[in-house]
Amino acid sequence: MSDIWNRLKDHRKSQGAQRIEALFEADPSRASTFSTSAEGLVFDWSKTLIDARARDLLLELATPVPARREAMFSGERINETEDRAVLHTALRNFGGSVMVDGQDVMPEVRRTHERMRGFANAVRDGSFAGQGGRITDVINIGIGGSDLGPAMAVRALAPWHDGPRVHFVSNVDGADIADTLKGLDPATTLVIVASKTFTTIETMTNARTALDWMSKSVAQPAAQFAALSSAVGRTAEWGIDESRVFGFEDWVGGRYSVWGPIGLSLMIAIGPKQFDRFLAGGAEMDQHFRQAPLAENLPVLLALVGIWHHQICGYGTRAVLPYDNRLARLPAYLQQLEMESNGKRVSMDGSDLTLPSGPVVWGEPGTNGQHAFYQLIHQGTAVVPCEFIIAAQGHEPELAHHHLLLIANCLAQSEALMRGRSLDEALEIMRAKGLTGAELERQARHRVFPGNRPSTTLLIPELSPYTLGQIVALYEHRVFVEGVILGINSFDQWGVELGKELALKVAPLLEGKPSPGHDPSTEHLAALIRAARG
């Protein structure tokens, strides 16, 4: 494998000052050759410096993927540091068995989904009501994967909402839950607490505040609580009836969990039928990932482009830019998916990585970002590979002119990143405005765009439950492929533990209680905070 990495790096060096535009001039069919379609999705990666030689070498890097992929789908314990299988794909499996330690997990998956459908329908049709009448609002309390997935999906699928309003609380900052509870009626609100262990301190602190809020207005506040948890004993201590507790196995990681009980708030918002369409989109992408040749495989190609830009070209960040306002939370969702999965420093055997691990992932929806950070993307000194996402059709036919303008902006941005504007072109523009001499040169230089900045475009037919399922599964598998190529475990997250442990030790310090072992800066800041709080 090291030989392939070296050949890739040597090839990148040999490209020198190669421009992306020149690749199109040399190959008139490049736009179609470096564009791949599957089940209505089109992934265009032609506006990168990946040429035929780079593509072939990158595909060599992917040779370990098929065996590891089948190990995952077959229920093997590929999460080796936690000795767990990785089977979020089973949550969207509509047929066949999935074996873990000799047992088929699918009957229980189907039972849980059926229980979710029954409860969601009961909330939606009013047969499950609050103590003041029909449920009007649902609050999902979770954090990390128990929040980002459903929060992203609920916003993305707003046109399909025909159930109660859904709200999300994640931050332990009291402002989050205070602002959410303001204006809601406790007697017609359902609270969903999402925590596998029912011990996550931020989630349980917010849940306790919600319970106290509700107890001031209703006789049985726990009767309007549901739990997404496997800790039935702890949920019972809260008074939550077992019929409203939906558990999931340890082979479902938090950031991969929106397909199961963590997606209950989404199911309540859009209904079980549309939720099943979301699952179907994910299942279709699973089949494509398992069956398509590597050279035509969307998750594999998306991963290889990412590897090229980060590990070979050395670009430190990746911008995800959905040109769809309803996908506003997708960059944050993908940020967790990628950075929690592949933000590692050691390989599977515990040895130090010899290559960079995952990049920094960030982004905002277009066109808003154009009036914020696109300045840096176009003219800054750092190259930021951009991943555009656009739908051919909008959801509002009466606003089709809006959507055409949105598409025009998306395509124009990727073209501008590639083409740029030369000094000669800038000089001509400023000369036409009447400038001459040194001022002409000075002003023109401010209007030069270096161009040759890479981007990809994912084109979808329209944003729907089905296509959202495809997109989420596509990026899940992309992260998996990158992890396999880098030789890391994409399914643990030990990096989140240390800060949480130390927070428990810092808390007494803020109350003036003994808490030895802290650094002088932390002790000084704690003293200042105690003084400020009186």
# chains A, B, ... in the order shown; residues from 1 in each chain; ligands from 1
>>> residues_around(residues="Ile307 of chain A", least_positions_apart="5", cutoff="9 Å", atoms="only C-alpha atoms", output="count of residues only")
7
>>> select_by_dssp(residues="segment 137-308 of chain A", states="helix (DSSP H, G or I)", output="ChimeraX atom specification")
/A:145-156,158-160,174-181,186-188,201-215,221-224,232-237,242-244,254-256,261-270,272-291,294-296,298-308
>>> residues_around(residues="Gly469 of chain A", least_positions_apart="5", cutoff="12 Å", atoms="only C-alpha atoms", output="list in words")
Leu41, Thr89, Arg92, Gly149, Met152, Ala153, Ala156, Leu157, Val258, Trp259, Gln274, Phe275, Asp276, Arg277, Phe278, Leu279, Ala280, Gly281, Gly282, Ala283, Glu284, Met285, Asp286, Ile460, Leu463, Ser464, Leu474, Tyr475 and Glu476 of chain A
>>> write_last_selection(atoms="N, CA and C atoms", output="PDB file, in the first residue's frame")
ATOM      1  N   LEU A  41     -28.935   9.697  -8.951  1.00  0.00           N
ATOM      2  CA  LEU A  41     -27.922  10.635  -8.480  1.00  0.00           C
ATOM      3  C   LEU A  41     -26.793  10.733  -9.497  1.00  0.00           C
ATOM      4  N   THR A  89     -26.690  -0.403   8.893  1.00  0.00           N
ATOM      5  CA  THR A  89     -27.347  -0.766   7.631  1.00  0.00           C
ATOM      6  C   THR A  89     -28.514  -1.725   7.862  1.00  0.00           C
ATOM      7  N   ARG A  92     -32.113  -0.318   7.978  1.00  0.00           N
ATOM      8  CA  ARG A  92     -32.836   0.027   6.751  1.00  0.00           C
ATOM      9  C   ARG A  92     -32.889  -1.164   5.784  1.00  0.00           C
ATOM     10  N   GLY A 149     -28.671  13.978  13.681  1.00  0.00           N
ATOM     11  CA  GLY A 149     -29.335  13.248  12.615  1.00  0.00           C
ATOM     12  C   GLY A 149     -30.796  13.616  12.456  1.00  0.00           C
ATOM     13  N   MET A 152     -31.311  17.374  11.545  1.00  0.00           N
ATOM     14  CA  MET A 152     -31.022  17.631  10.132  1.00  0.00           C
ATOM     15  C   MET A 152     -32.157  17.136   9.246  1.00  0.00           C
ATOM     16  N   ALA A 153     -32.616  15.913   9.493  1.00  0.00           N
ATOM     17  CA  ALA A 153     -33.619  15.308   8.624  1.00  0.00           C
ATOM     18  C   ALA A 153     -34.982  15.974   8.755  1.00  0.00           C
ATOM     19  N   ALA A 156     -34.794  19.075   6.783  1.00  0.00           N
ATOM     20  CA  ALA A 156     -34.684  18.788   5.348  1.00  0.00           C
ATOM     21  C   ALA A 156     -36.019  18.393   4.741  1.00  0.00           C
ATOM     22  N   LEU A 157     -36.848  17.719   5.510  1.00  0.00           N
ATOM     23  CA  LEU A 157     -38.093  17.172   4.965  1.00  0.00           C
ATOM     24  C   LEU A 157     -39.318  17.964   5.419  1.00  0.00           C
ATOM     25  N   VAL A 258     -29.905   7.471  12.992  1.00  0.00           N
ATOM     26  CA  VAL A 258     -31.157   8.138  12.628  1.00  0.00           C
ATOM     27  C   VAL A 258     -32.153   7.171  11.985  1.00  0.00           C
ATOM     28  N   TRP A 259     -31.659   6.021  11.512  1.00  0.00           N
ATOM     29  CA  TRP A 259     -32.519   5.050  10.822  1.00  0.00           C
ATOM     30  C   TRP A 259     -33.413   4.251  11.764  1.00  0.00           C
ATOM     31  N   GLN A 274     -43.632   7.943   4.907  1.00  0.00           N
ATOM     32  CA  GLN A 274     -42.512   8.713   4.367  1.00  0.00           C
ATOM     33  C   GLN A 274     -41.198   8.329   5.043  1.00  0.00           C
ATOM     34  N   PHE A 275     -41.265   7.951   6.322  1.00  0.00           N
ATOM     35  CA  PHE A 275     -40.059   7.473   6.998  1.00  0.00           C
ATOM     36  C   PHE A 275     -39.551   6.208   6.318  1.00  0.00           C
ATOM     37  N   ASP A 276     -40.467   5.353   5.893  1.00  0.00           N
ATOM     38  CA  ASP A 276     -40.054   4.148   5.165  1.00  0.00           C
ATOM     39  C   ASP A 276     -39.409   4.498   3.825  1.00  0.00           C
ATOM     40  N   ARG A 277     -39.852   5.580   3.201  1.00  0.00           N
ATOM     41  CA  ARG A 277     -39.206   6.023   1.966  1.00  0.00           C
ATOM     42  C   ARG A 277     -37.774   6.489   2.254  1.00  0.00           C
ATOM     43  N   PHE A 278     -37.578   7.133   3.377  1.00  0.00           N
ATOM     44  CA  PHE A 278     -36.237   7.523   3.814  1.00  0.00           C
ATOM     45  C   PHE A 278     -35.360   6.278   3.983  1.00  0.00           C
ATOM     46  N   LEU A 279     -35.896   5.255   4.659  1.00  0.00           N
ATOM     47  CA  LEU A 279     -35.159   4.005   4.815  1.00  0.00           C
ATOM     48  C   LEU A 279     -34.865   3.368   3.468  1.00  0.00           C
ATOM     49  N   ALA A 280     -35.835   3.428   2.561  1.00  0.00           N
ATOM     50  CA  ALA A 280     -35.656   2.801   1.249  1.00  0.00           C
ATOM     51  C   ALA A 280     -34.529   3.456   0.466  1.00  0.00           C
ATOM     52  N   GLY A 281     -34.405   4.780   0.583  1.00  0.00           N
ATOM     53  CA  GLY A 281     -33.313   5.464  -0.087  1.00  0.00           C
ATOM     54  C   GLY A 281     -31.963   5.002   0.438  1.00  0.00           C
ATOM     55  N   GLY A 282     -31.870   4.852   1.775  1.00  0.00           N
ATOM     56  CA  GLY A 282     -30.634   4.347   2.353  1.00  0.00           C
ATOM     57  C   GLY A 282     -30.348   2.924   1.930  1.00  0.00           C
ATOM     58  N   ALA A 283     -31.391   2.082   1.892  1.00  0.00           N
ATOM     59  CA  ALA A 283     -31.211   0.682   1.492  1.00  0.00           C
ATOM     60  C   ALA A 283     -30.757   0.575   0.039  1.00  0.00           C
ATOM     61  N   GLU A 284     -31.289   1.449  -0.817  1.00  0.00           N
ATOM     62  CA  GLU A 284     -30.859   1.433  -2.221  1.00  0.00           C
ATOM     63  C   GLU A 284     -29.385   1.774  -2.342  1.00  0.00           C
ATOM     64  N   MET A 285     -28.929   2.756  -1.558  1.00  0.00           N
ATOM     65  CA  MET A 285     -27.512   3.113  -1.606  1.00  0.00           C
ATOM     66  C   MET A 285     -26.648   1.977  -1.067  1.00  0.00           C
ATOM     67  N   ASP A 286     -27.151   1.253  -0.063  1.00  0.00           N
ATOM     68  CA  ASP A 286     -26.426   0.080   0.429  1.00  0.00           C
ATOM     69  C   ASP A 286     -26.208  -0.930  -0.691  1.00  0.00           C
ATOM     70  N   ILE A 460     -28.998  15.768  -7.502  1.00  0.00           N
ATOM     71  CA  ILE A 460     -30.110  14.878  -7.169  1.00  0.00           C
ATOM     72  C   ILE A 460     -31.359  15.342  -7.925  1.00  0.00           C
ATOM     73  N   LEU A 463     -35.090  17.045  -3.582  1.00  0.00           N
ATOM     74  CA  LEU A 463     -34.937  16.641  -2.186  1.00  0.00           C
ATOM     75  C   LEU A 463     -36.253  16.017  -1.720  1.00  0.00           C
ATOM     76  N   SER A 464     -36.185  14.767  -1.289  1.00  0.00           N
ATOM     77  CA  SER A 464     -37.351  14.018  -0.839  1.00  0.00           C
ATOM     78  C   SER A 464     -36.892  13.060   0.254  1.00  0.00           C
ATOM     79  N   LEU A 474     -24.922   7.505   1.407  1.00  0.00           N
ATOM     80  CA  LEU A 474     -23.756   7.756   0.552  1.00  0.00           C
ATOM     81  C   LEU A 474     -22.588   8.276   1.380  1.00  0.00           C
ATOM     82  N   TYR A 475     -22.847   9.258   2.220  1.00  0.00           N
ATOM     83  CA  TYR A 475     -21.772   9.837   3.019  1.00  0.00           C
ATOM     84  C   TYR A 475     -21.331   8.897   4.135  1.00  0.00           C
ATOM     85  N   GLU A 476     -22.240   8.108   4.695  1.00  0.00           N
ATOM     86  CA  GLU A 476     -21.827   7.101   5.670  1.00  0.00           C
ATOM     87  C   GLU A 476     -20.797   6.153   5.063  1.00  0.00           C
TER      88      GLU A 476
END
>>> residues_around(residues="Leu405 of chain A", least_positions_apart="4", cutoff="12 Å", atoms="only C-alpha atoms", output="short mmCIF file (atom, residue, chain, number, x, y, z; two decimals) with N, CA, C and O atoms, in the first residue's frame")
data_model
loop_
_atom_site.label_atom_id
_atom_site.label_comp_id
_atom_site.auth_asym_id
_atom_site.auth_seq_id
_atom_site.Cartn_x
_atom_site.Cartn_y
_atom_site.Cartn_z
N TYR A 323 -26.84 23.54 -1.97
CA TYR A 323 -27.66 24.64 -2.48
C TYR A 323 -29.12 24.26 -2.30
O TYR A 323 -29.85 24.01 -3.23
N ASP A 324 -29.49 24.20 -1.03
CA ASP A 324 -30.85 23.88 -0.62
C ASP A 324 -30.97 24.31 0.83
O ASP A 324 -30.29 23.76 1.71
N GLY A 366 -25.82 27.31 0.22
CA GLY A 366 -25.79 28.41 -0.74
C GLY A 366 -27.22 28.91 -0.91
O GLY A 366 -28.16 28.14 -0.75
N THR A 367 -27.42 30.16 -1.18
CA THR A 367 -26.44 31.14 -1.58
C THR A 367 -25.89 31.96 -0.41
O THR A 367 -25.06 32.85 -0.61
N ILE A 390 -26.89 19.91 -5.25
CA ILE A 390 -27.99 20.69 -5.85
C ILE A 390 -29.05 19.73 -6.38
O ILE A 390 -28.74 18.64 -6.86
N ALA A 392 -32.19 19.13 -9.11
CA ALA A 392 -32.65 19.63 -10.41
C ALA A 392 -34.00 20.32 -10.29
O ALA A 392 -34.28 21.29 -11.00
N GLN A 393 -34.82 19.84 -9.37
CA GLN A 393 -36.16 20.41 -9.18
C GLN A 393 -36.32 20.87 -7.74
O GLN A 393 -35.88 20.20 -6.80
N GLY A 394 -37.00 22.00 -7.55
CA GLY A 394 -37.38 22.44 -6.22
C GLY A 394 -38.71 21.85 -5.82
O GLY A 394 -39.38 21.20 -6.64
N LEU A 399 -42.54 28.67 -7.31
CA LEU A 399 -41.31 29.43 -7.08
C LEU A 399 -40.15 28.86 -7.91
O LEU A 399 -38.99 28.93 -7.51
N ALA A 400 -40.49 28.32 -9.07
CA ALA A 400 -39.47 27.70 -9.92
C ALA A 400 -38.39 28.69 -10.33
O ALA A 400 -37.23 28.32 -10.50
N HIS A 401 -38.76 29.97 -10.46
CA HIS A 401 -37.75 30.97 -10.84
C HIS A 401 -36.71 31.14 -9.74
O HIS A 401 -35.55 31.42 -10.03
N ASN A 409 -26.53 29.91 -9.57
CA ASN A 409 -25.48 30.30 -8.63
C ASN A 409 -24.56 29.14 -8.30
O ASN A 409 -23.33 29.30 -8.22
N CYS A 410 -25.13 27.96 -8.09
CA CYS A 410 -24.33 26.79 -7.76
C CYS A 410 -23.34 26.46 -8.88
O CYS A 410 -22.14 26.29 -8.64
N LEU A 411 -23.86 26.37 -10.10
CA LEU A 411 -22.99 26.04 -11.24
C LEU A 411 -21.97 27.13 -11.49
O LEU A 411 -20.80 26.85 -11.83
N ALA A 412 -22.37 28.37 -11.31
CA ALA A 412 -21.45 29.49 -11.54
C ALA A 412 -20.30 29.47 -10.53
O ALA A 412 -19.15 29.77 -10.88
#
>>> closest_residue(among="A:Trp308, A:Phe246, A:Tyr315, A:Trp5", to="Arg117 of chain A", atoms="only C-alpha atoms")
A:Phe246
>>> residues_around(residues="segment 452-457 of chain A", least_positions_apart="2", cutoff="8 Å", atoms="only C-alpha atoms", output="NGL selection string")
:A and (19-21 or 42-49 or 378 or 383-390 or 414 or 417-420 or 450 or 459)
